[in-house]
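J.: Sharing protein.txt (compact mmCIF, C-alpha atoms) below.
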```
# COMPACT_ATOMS: atom_id res chain seq x y z
CA TYR A 1 14.14 0.99 -38.28
CA PRO A 2 15.90 -2.22 -37.13
CA PRO A 3 13.80 -5.38 -37.43
CA MET A 4 11.75 -6.30 -34.37
CA LYS A 5 13.18 -9.15 -32.33
CA THR A 6 10.97 -12.21 -32.15
CA ILE A 7 9.97 -14.25 -29.09
CA GLN A 8 11.65 -17.63 -28.70
CA PRO A 9 9.24 -20.60 -28.63
CA ILE A 10 8.88 -22.65 -25.45
CA GLN A 11 8.46 -26.38 -25.03
CA MET A 12 6.17 -26.65 -21.98
CA LEU A 13 2.70 -25.65 -23.15
CA SER A 14 1.08 -25.51 -19.70
CA VAL A 15 3.40 -23.03 -17.99
CA HIS A 16 1.57 -19.71 -18.19
CA VAL A 17 4.18 -17.99 -16.01
CA GLU A 18 6.89 -18.86 -18.55
CA ILE A 19 4.81 -17.34 -21.32
CA GLN A 20 4.32 -14.18 -19.27
CA ASN A 21 8.08 -14.00 -18.71
CA ARG A 22 8.75 -14.33 -22.44
CA LEU A 23 6.31 -11.54 -23.18
CA LYS A 24 7.93 -9.27 -20.59
CA GLU A 25 11.36 -10.11 -22.02
CA TYR A 26 10.02 -9.20 -25.47
CA ILE A 27 8.85 -5.79 -24.21
CA ILE A 28 12.25 -5.08 -22.63
CA ALA A 29 14.33 -6.43 -25.54
CA ASN A 30 12.49 -4.23 -28.02
CA ASN A 31 12.46 -1.21 -25.68
CA LEU A 32 8.72 -0.90 -26.03
CA GLN A 33 7.22 2.20 -24.42
CA PRO A 34 3.76 2.84 -22.92
CA ASP A 35 1.05 2.64 -25.59
CA ASP A 36 3.29 0.70 -28.00
CA PRO A 37 1.37 -2.22 -29.57
CA LEU A 38 2.11 -5.88 -28.96
CA PRO A 39 1.94 -8.52 -31.69
CA SER A 40 -1.50 -10.01 -32.25
CA GLU A 41 -2.62 -13.20 -30.53
CA PRO A 42 -2.04 -15.29 -33.70
CA GLN A 43 1.45 -13.81 -34.11
CA LEU A 44 2.33 -14.49 -30.47
CA ALA A 45 0.94 -18.02 -30.64
CA ASN A 46 3.02 -18.70 -33.74
CA GLN A 47 6.24 -17.28 -32.26
CA LEU A 48 5.76 -19.06 -28.94
CA GLY A 49 4.66 -22.34 -30.48
CA VAL A 50 1.51 -22.54 -28.35
CA SER A 51 -2.23 -22.23 -28.88
CA ARG A 52 -4.04 -18.90 -28.98
CA ALA A 53 -6.01 -19.95 -25.90
CA VAL A 54 -2.82 -20.32 -23.88
CA VAL A 55 -1.52 -16.97 -25.14
CA ARG A 56 -4.84 -15.31 -24.31
CA GLU A 57 -4.68 -16.61 -20.72
CA ALA A 58 -1.15 -15.25 -20.28
CA LEU A 59 -2.17 -11.89 -21.74
CA ARG A 60 -5.09 -11.66 -19.33
CA SER A 61 -2.72 -12.30 -16.44
CA LEU A 62 -0.41 -9.52 -17.62
CA GLU A 63 -3.40 -7.20 -17.91
CA ALA A 64 -4.35 -8.01 -14.31
CA LEU A 65 -0.80 -7.13 -13.24
CA GLY A 66 -1.00 -3.82 -15.11
CA VAL A 67 1.84 -4.69 -17.50
CA ILE A 68 -0.33 -4.38 -20.62
CA TYR A 69 -3.83 -3.19 -21.49
CA SER A 70 -6.29 -3.93 -24.28
CA ARG A 71 -8.39 -1.83 -26.60
CA ARG A 72 -11.54 -3.48 -27.87
CA GLY A 73 -10.96 -4.55 -31.45
CA ALA A 74 -7.53 -2.92 -31.58
CA GLY A 75 -5.23 -5.35 -29.80
CA ARG A 76 -3.06 -5.03 -26.72
CA TYR A 77 -0.56 -2.36 -25.71
CA VAL A 78 2.18 -1.74 -23.17
CA SER A 79 0.88 -0.01 -20.05
CA GLN A 80 2.31 2.96 -18.23
CA PHE A 81 4.22 1.64 -15.22
CA ASN A 82 1.80 1.47 -12.31
CA LEU A 83 2.26 -0.06 -8.86
CA ASN A 84 -1.45 -0.16 -8.07
CA PRO A 85 -2.09 -3.80 -9.10
CA ILE A 86 0.99 -4.97 -7.18
CA LEU A 87 0.00 -3.05 -4.07
CA GLN A 88 -3.58 -4.30 -4.29
CA ASN A 89 -2.37 -7.88 -4.44
CA LEU A 90 -0.05 -7.19 -1.53
CA SER A 91 -2.86 -5.96 0.68
CA TYR A 92 -5.10 -8.87 -0.33
CA GLY A 93 -2.41 -11.47 0.40
CA MET A 94 -1.70 -10.51 4.01
CA LEU A 95 -3.10 -12.69 6.79
CA TYR A 96 -3.45 -9.92 9.34
CA ASP A 97 -2.78 -11.97 12.47
CA VAL A 98 -0.87 -10.48 15.41
CA GLU A 99 2.61 -11.33 14.10
CA ASP A 100 1.77 -10.04 10.62
CA LEU A 101 0.47 -6.81 12.10
CA GLN A 102 3.58 -6.35 14.25
CA GLU A 103 5.76 -6.52 11.14
CA ILE A 104 3.46 -4.19 9.22
CA ILE A 105 3.52 -1.66 12.06
CA ALA A 106 7.33 -1.81 12.15
CA VAL A 107 7.48 -0.95 8.44
CA ARG A 108 4.87 1.79 8.82
CA GLU A 109 6.80 3.34 11.72
CA ARG A 110 10.06 3.44 9.75
CA LEU A 111 8.29 5.07 6.82
CA GLU A 112 6.47 7.70 8.86
CA VAL A 113 9.44 8.61 11.05
CA GLY A 114 11.69 8.74 7.98
CA PHE A 115 9.35 11.01 6.01
CA ILE A 116 8.22 13.34 8.79
CA ALA A 117 10.94 15.93 8.09
CA ASP A 118 9.87 16.05 4.42
CA ALA A 119 6.25 16.44 5.49
CA ILE A 120 7.10 19.33 7.81
CA SER A 121 9.12 21.06 5.07
CA ALA A 122 6.19 20.82 2.67
CA MET A 123 3.47 21.58 5.22
CA ASP A 124 0.86 24.22 4.34
CA GLU A 125 -1.95 25.92 6.25
CA ASP A 126 -4.73 24.05 4.46
CA THR A 127 -3.28 20.71 5.53
CA LEU A 128 -2.72 21.91 9.09
CA TYR A 129 -6.35 23.01 9.19
CA GLN A 130 -7.51 19.57 8.00
CA MET A 131 -5.36 17.89 10.64
CA ARG A 132 -6.74 20.16 13.40
CA GLN A 133 -10.29 19.42 12.24
CA THR A 134 -9.56 15.70 12.35
CA LEU A 135 -8.28 15.99 15.91
CA GLU A 136 -11.41 17.90 16.92
CA LEU A 137 -13.53 15.08 15.50
CA MET A 138 -11.42 12.52 17.38
CA GLU A 139 -11.96 14.48 20.60
CA LYS A 140 -15.73 14.53 20.11
CA LYS A 141 -15.74 10.78 19.58
CA MET A 142 -13.57 10.27 22.64
CA HIS A 143 -16.19 11.97 24.81
CA THR A 144 -18.82 9.53 23.56
CA ASP A 145 -16.44 6.60 23.91
CA GLU A 146 -16.59 6.03 20.15
CA ASP A 147 -13.63 4.47 18.38
CA PHE A 148 -11.80 6.91 16.07
CA LEU A 149 -9.38 4.59 14.25
CA GLU A 150 -10.50 5.81 10.82
CA ASP A 151 -9.93 9.43 11.85
CA ASP A 152 -6.53 8.47 13.29
CA LEU A 153 -5.51 7.00 9.92
CA THR A 154 -6.92 10.04 8.09
CA PHE A 155 -4.76 12.31 10.27
CA HIS A 156 -1.65 10.41 9.15
CA ARG A 157 -2.69 10.53 5.51
CA PHE A 158 -3.17 14.32 5.66
CA LEU A 159 0.27 14.60 7.23
CA TYR A 160 2.11 12.77 4.46
CA GLN A 161 0.10 13.70 1.39
CA VAL A 162 1.93 17.05 1.32
CA THR A 163 5.18 15.21 0.49
CA GLY A 164 3.83 14.47 -2.97
CA ASN A 165 5.23 10.93 -2.73
CA ARG A 166 2.54 8.83 -4.36
CA LEU A 167 4.03 5.48 -3.38
CA LEU A 168 4.14 6.52 0.27
CA ILE A 169 0.46 7.46 0.15
CA LYS A 170 -0.44 4.17 -1.52
CA LEU A 171 1.41 2.29 1.22
CA LEU A 172 -0.43 4.27 3.88
CA ASP A 173 -3.68 3.33 2.15
CA ILE A 174 -2.64 -0.33 2.34
CA PHE A 175 -2.04 0.05 6.07
CA ARG A 176 -5.61 1.38 6.29
CA GLU A 177 -6.85 -1.73 4.47
CA VAL A 178 -4.88 -3.91 6.87
CA TYR A 179 -6.70 -2.41 9.84
CA GLN A 180 -10.05 -2.74 8.08
CA ASN A 181 -9.45 -6.44 7.37
CA LEU A 182 -8.10 -7.55 10.73
CA HIS A 183 -9.50 -10.88 11.86
CA ASN A 184 -9.43 -9.48 15.40
CA GLN A 185 -10.81 -5.96 15.12
CA SER A 186 -9.86 -5.21 18.73
CA LEU A 187 -6.19 -5.12 17.69
CA GLY A 188 -6.81 -1.81 15.96
CA VAL A 189 -8.54 -0.20 18.95
CA ALA A 190 -6.49 1.91 21.35
CA ARG A 191 -6.56 0.98 25.03
CA SER A 192 -7.07 4.61 25.97
CA LEU A 193 -8.71 7.00 23.53
CA GLU A 194 -7.55 9.88 25.69
CA VAL A 195 -3.89 8.84 25.48
CA GLU A 196 -4.22 8.21 21.74
CA LEU A 197 -5.72 11.65 21.18
CA ARG A 198 -3.03 13.33 23.29
CA ASN A 199 -0.31 11.56 21.28
CA HIS A 200 -1.69 12.99 18.07
CA GLN A 201 -2.10 16.44 19.56
CA GLN A 202 1.55 16.40 20.60
CA ILE A 203 2.63 15.25 17.15
CA LEU A 204 0.71 18.13 15.60
CA GLN A 205 2.26 20.61 18.04
CA ALA A 206 5.74 19.49 16.97
CA ILE A 207 4.75 19.82 13.32
CA GLU A 208 3.34 23.32 13.85
CA ALA A 209 6.60 24.26 15.58
CA GLY A 210 8.56 22.92 12.59
CA ASP A 211 10.57 20.66 14.91
CA ALA A 212 11.27 17.51 12.91
CA LYS A 213 13.36 15.87 15.63
CA LEU A 214 10.62 16.33 18.23
CA ALA A 215 8.00 15.12 15.77
CA GLN A 216 10.06 11.98 15.12
CA GLN A 217 10.31 11.34 18.85
CA ARG A 218 6.58 11.80 19.39
CA LEU A 219 5.75 9.58 16.42
CA ALA A 220 8.02 6.90 17.86
CA ASN A 221 6.24 7.22 21.23
CA HIS A 222 2.92 6.84 19.46
CA PHE A 223 4.07 3.65 17.72
CA ASP A 224 5.52 2.31 20.98
CA GLY A 225 1.99 2.33 22.37
CA ILE A 226 0.70 0.39 19.37
CA LYS A 227 3.51 -2.16 19.62
CA ASP A 228 2.90 -2.63 23.34
CA ARG A 229 -0.76 -3.33 22.62
CA LEU A 230 0.16 -5.93 19.99
CA SER A 231 2.75 -7.57 22.24
CA THR A 232 0.13 -7.93 24.96
CA ALA A 233 -2.32 -9.44 22.47
CA GLN A 234 0.33 -11.89 21.26
CA LEU A 235 1.10 -12.95 24.83
CA GLU A 236 -2.59 -13.42 25.58
CA ASN A 237 -2.95 -15.57 22.47
CA LYS A 238 -0.04 -17.77 23.51
CA ASN A 239 -1.39 -18.15 27.04
CA GLY A 240 -4.82 -18.98 25.67
CA ASN A 241 -3.37 -21.63 23.36
CA ASN A 242 -1.37 -23.15 26.21
CA THR A 243 -4.49 -23.60 28.32
CA ASN A 244 -6.40 -25.38 25.56
```
Is it possible to give me this structure as structure tokens?

T.:
Amino acid sequence: YPPMKTIQPIQMLSVHVEIQNRLKEYIIANNLQPDDPLPSEPQLANQLGVSRAVVREALRSLEALGVIYSRRGAGRYVSQFNLNPILQNLSYGMLYDVEDLQEIIAVRERLEVGFIADAISAMDEDTLYQMRQTLELMEKKMHTDEDFLEDDLTFHRFLYQVTGNRLLIKLLDIFREVYQNLHNQSLGVARSLEVELRNHQQILQAIEAGDAKLAQQRLANHFDGIKDRLSTAQLENKNGNNTN
């Protein structure tokens, strides 16, 4: 086997990000694969020219990012590539004000409209049954004037989980978190539960008919209603600020 390439030492001892970058460069340069071991803390400290404490802090940061993992008493290893830590940090870092939500909705719309044809192609009876059941639950809540946002989001998750695209599902789950963490919870509530329910019923009808173009149109109509609601909220905020 060719000799392992070493990590070049750095001069600035306090820059943890630089240490993390060197470690990632080391993994790439040596073509390390998931579950391959990393050098020990003393070896890394010696190669980098820094203390073990500084190396340990950088390693912990890489663990939090999902780049590496540790085994108690057995050192640290390269992780399987996983977007979960990145996506979790993404959802945590959003501010969730009206403008943020408008941008998030725009991205969500592009994703859902773009993937609807794939979802229809992969659709099965079990998923259709789950979606119908979700709509029935939404209708019951509508009659008691109970918000059904969670059921709305569940409907969309059922729709796209049949694509088998794990990243898409993770992004949809982030959108769910966005709604759950809104500073202004009213932004996630439909003006008319009846209209919102009918929109979803029409989307399902297009899916059952296997008509991707119609489903795209009805999804777009659904998102138009959401965007109108957010635009109104943004205008109200501006007017409110102007009167203060």

J.: Using all atoms listed in the file for the distances, tell me which of A:Tyr129, A:Ile68, A:Glu18, A:Asn31 is nearest to Val54 of chain A.

T.: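 Closest candidate: A:Glu18.
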
J.: So, with all atoms listed in the file as the atoms that count, which of A:Asp147, A:Glu109, A:Ser192, A:Thr232 lies closest to Ala220 of chain A?

T.: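 Closest to Ala220 of chain A, using all atoms listed in the file: A:Glu109.
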
J.: Atom CA of Ala74 of chain A and atom CA of Leu38 of chain A, how far apart in Å?

T.: 10.4 Å

J.: Would you mind listing what lies within 9 Å of Glu196 of chain A as a list in words, with only C-alpha atoms counted and same-chain residues fewer than 5 positions away left out?

T.: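 So the residues in contact are Asp152, Ala190, Arg191, Gln201, His222 and Gly225 of chain A.
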
J.: Check the smallest atom-to-atom distance from each of A:Val55, A:Val78, A:Ala64, A:Leu171 to Pro37 of chain A using all atoms listed in the file, then report the winner.

T.: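 Among A:Val55, A:Val78, A:Ala64, A:Leu171, it is A:Val78 that comes nearest to Pro37 of chain A.
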
J.: What does the distance between atom CA of Tyr69 of chain A and atom CA of Ala29 of chain A come to in Å, to one decimal place?

T.: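 Separating atom CA of Tyr69 of chain A from atom CA of Ala29 of chain A is a distance of 18.9 Å.
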
J.: Please, what is the axis-aligned box for every listed atom of segment 164-170 of chain A with 4 Å on each side, as centre and edge lengths in Å to one decimal, as lines of an AutoDock Vina configuration file?

T.:
```
center_x = 2.4
center_y = 9.3
center_z = -2.0
size_x = 13.7
size_y = 18.3
size_z = 12.6
```

J.: Distance atom CA of Ile120 of chain A-atom CA of Leu101 of chain A, one decimal place?

T.: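 Interatomic distance, atom CA of Ile120 of chain A to atom CA of Leu101 of chain A: 27.3 Å.
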
J.: Which is closer to Asn221 of chain A than all the others in A:Asn165, A:Ser70, A:Asn199, A:Gln33, using all atoms listed in the file?

T.: A:Asn199

J.: Using only C-alpha atoms, which residues sit within 9 Å of Ser121 of chain A once same-chain residues fewer than 3 positions away are excluded, as a VMD selection string?

T.: chain A and resid 116 to 118 124 163 210 212

J.: With distances taken over only C-alpha atoms, which residue among A:Ile28, A:Glu194, A:Arg110, A:His16 lies nearest Ser51 of chain A?

T.: A:His16

J.: Can you tell me which residues surround Gln133 of chain A at a distance of at most 12 Å, considering all atoms listed in the file, apart from same-chain residues fewer than 4 positions away, and format the answer as a PyMOL selection string?

T.: chain A and resi 126-129+137-140+151-152+154-155+158+201+204

J.: May I ask which of the residues A:Arg132, A:Phe81, A:Arg22, A:Ile7 is the closest one to Leu65 of chain A, counting only C-alpha atoms?

T.: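 Using only C-alpha atoms, the shortest distance to Leu65 of chain A belongs to A:Phe81.
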
J.: Restricted to N, CA and C atoms, what does segment 44-86 of chain A look like when written out as a tab-separated table (two decimals), in the first residue's frame?

T.:
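What follows is the written file decode39.tsv:
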```tsv
chain	number	residue	atom	x	y	z
A	44	LEU	N	-2.75	13.37	15.40
A	44	LEU	CA	-3.28	14.57	14.74
A	44	LEU	C	-2.66	15.83	15.34
A	45	ALA	N	-2.56	15.87	16.66
A	45	ALA	CA	-1.98	17.04	17.31
A	45	ALA	C	-0.54	17.25	16.86
A	46	ASN	N	0.19	16.15	16.73
A	46	ASN	CA	1.59	16.24	16.31
A	46	ASN	C	1.70	16.72	14.86
A	47	GLN	N	0.87	16.17	13.98
A	47	GLN	CA	0.92	16.55	12.56
A	47	GLN	C	0.47	17.99	12.35
A	48	LEU	N	-0.53	18.41	13.12
A	48	LEU	CA	-1.06	19.76	12.96
A	48	LEU	C	-0.25	20.81	13.71
A	49	GLY	N	0.54	20.37	14.67
A	49	GLY	CA	1.32	21.32	15.47
A	49	GLY	C	0.47	22.08	16.46
A	50	VAL	N	-0.57	21.43	16.99
A	50	VAL	CA	-1.46	22.07	17.96
A	50	VAL	C	-1.64	21.14	19.15
A	51	SER	N	-2.34	21.62	20.17
A	51	SER	CA	-2.56	20.81	21.36
A	51	SER	C	-3.66	19.78	21.11
A	52	ARG	N	-3.68	18.74	21.93
A	52	ARG	CA	-4.73	17.73	21.82
A	52	ARG	C	-6.10	18.33	22.12
A	53	ALA	N	-6.14	19.31	23.02
A	53	ALA	CA	-7.43	19.93	23.36
A	53	ALA	C	-8.03	20.63	22.15
A	54	VAL	N	-7.20	21.29	21.37
A	54	VAL	CA	-7.69	21.98	20.17
A	54	VAL	C	-8.16	20.96	19.14
A	55	VAL	N	-7.40	19.89	18.98
A	55	VAL	CA	-7.78	18.82	18.04
A	55	VAL	C	-9.10	18.20	18.48
A	56	ARG	N	-9.24	17.96	19.77
A	56	ARG	CA	-10.46	17.33	20.29
A	56	ARG	C	-11.69	18.20	20.00
A	57	GLU	N	-11.55	19.51	20.15
A	57	GLU	CA	-12.66	20.43	19.87
A	57	GLU	C	-13.05	20.37	18.40
A	58	ALA	N	-12.06	20.34	17.52
A	58	ALA	CA	-12.34	20.26	16.08
A	58	ALA	C	-13.01	18.94	15.72
A	59	LEU	N	-12.55	17.86	16.36
A	59	LEU	CA	-13.15	16.55	16.10
A	59	LEU	C	-14.60	16.50	16.56
A	60	ARG	N	-14.88	17.11	17.69
A	60	ARG	CA	-16.26	17.15	18.17
A	60	ARG	C	-17.16	17.91	17.19
A	61	SER	N	-16.62	18.99	16.63
A	61	SER	CA	-17.40	19.76	15.65
A	61	SER	C	-17.69	18.92	14.41
A	62	LEU	N	-16.71	18.16	13.96
A	62	LEU	CA	-16.91	17.30	12.79
A	62	LEU	C	-17.90	16.19	13.10
A	63	GLU	N	-17.90	15.71	14.33
A	63	GLU	CA	-18.89	14.70	14.72
A	63	GLU	C	-20.29	15.30	14.67
A	64	ALA	N	-20.43	16.54	15.16
A	64	ALA	CA	-21.74	17.20	15.15
A	64	ALA	C	-22.24	17.41	13.73
A	65	LEU	N	-21.32	17.60	12.78
A	65	LEU	CA	-21.69	17.77	11.38
A	65	LEU	C	-21.94	16.45	10.68
A	66	GLY	N	-21.62	15.33	11.35
A	66	GLY	CA	-21.83	14.03	10.74
A	66	GLY	C	-20.73	13.59	9.81
A	67	VAL	N	-19.59	14.28	9.85
A	67	VAL	CA	-18.46	13.92	8.98
A	67	VAL	C	-17.74	12.70	9.52
A	68	ILE	N	-17.59	12.63	10.84
A	68	ILE	CA	-16.93	11.50	11.47
A	68	ILE	C	-17.78	11.02	12.65
A	69	TYR	N	-17.42	9.87	13.19
A	69	TYR	CA	-18.08	9.38	14.40
A	69	TYR	C	-17.03	8.71	15.28
A	70	SER	N	-17.37	8.52	16.55
A	70	SER	CA	-16.41	7.93	17.48
A	70	SER	C	-16.94	6.62	18.03
A	71	ARG	N	-16.01	5.75	18.39
A	71	ARG	CA	-16.32	4.53	19.11
A	71	ARG	C	-15.58	4.59	20.42
A	72	ARG	N	-16.30	4.40	21.50
A	72	ARG	CA	-15.69	4.53	22.83
A	72	ARG	C	-14.47	3.61	22.95
A	73	GLY	N	-13.34	4.22	23.23
A	73	GLY	CA	-12.11	3.48	23.43
A	73	GLY	C	-11.47	2.96	22.15
A	74	ALA	N	-12.05	3.30	20.99
A	74	ALA	CA	-11.51	2.75	19.74
A	74	ALA	C	-11.21	3.84	18.70
A	75	GLY	N	-11.30	5.09	19.08
A	75	GLY	CA	-10.93	6.15	18.16
A	75	GLY	C	-12.09	6.69	17.34
A	76	ARG	N	-11.74	7.42	16.30
A	76	ARG	CA	-12.74	8.06	15.44
A	76	ARG	C	-12.63	7.54	14.01
A	77	TYR	N	-13.79	7.56	13.33
A	77	TYR	CA	-13.89	6.96	12.00
A	77	TYR	C	-14.67	7.88	11.06
A	78	VAL	N	-14.48	7.65	9.77
A	78	VAL	CA	-15.20	8.42	8.76
A	78	VAL	C	-16.65	7.95	8.74
A	79	SER	N	-17.57	8.89	8.69
A	79	SER	CA	-18.99	8.54	8.67
A	79	SER	C	-19.50	8.29	7.26
A	80	GLN	N	-20.59	7.56	7.17
A	80	GLN	CA	-21.34	7.46	5.92
A	80	GLN	C	-21.92	8.84	5.64
A	81	PHE	N	-21.87	9.26	4.38
A	81	PHE	CA	-22.40	10.59	4.04
A	81	PHE	C	-23.86	10.68	4.45
A	82	ASN	N	-24.20	11.74	5.17
A	82	ASN	CA	-25.55	11.90	5.70
A	82	ASN	C	-25.88	13.38	5.77
A	83	LEU	N	-27.00	13.75	5.15
A	83	LEU	CA	-27.41	15.16	5.13
A	83	LEU	C	-28.17	15.59	6.39
A	84	ASN	N	-28.52	14.64	7.24
A	84	ASN	CA	-29.36	14.97	8.38
A	84	ASN	C	-28.82	16.12	9.24
A	85	PRO	N	-27.54	16.08	9.66
A	85	PRO	CA	-27.05	17.19	10.49
A	85	PRO	C	-27.13	18.54	9.79
A	86	ILE	N	-26.84	18.56	8.48
A	86	ILE	CA	-26.91	19.81	7.72
A	86	ILE	C	-28.33	20.31	7.67
```
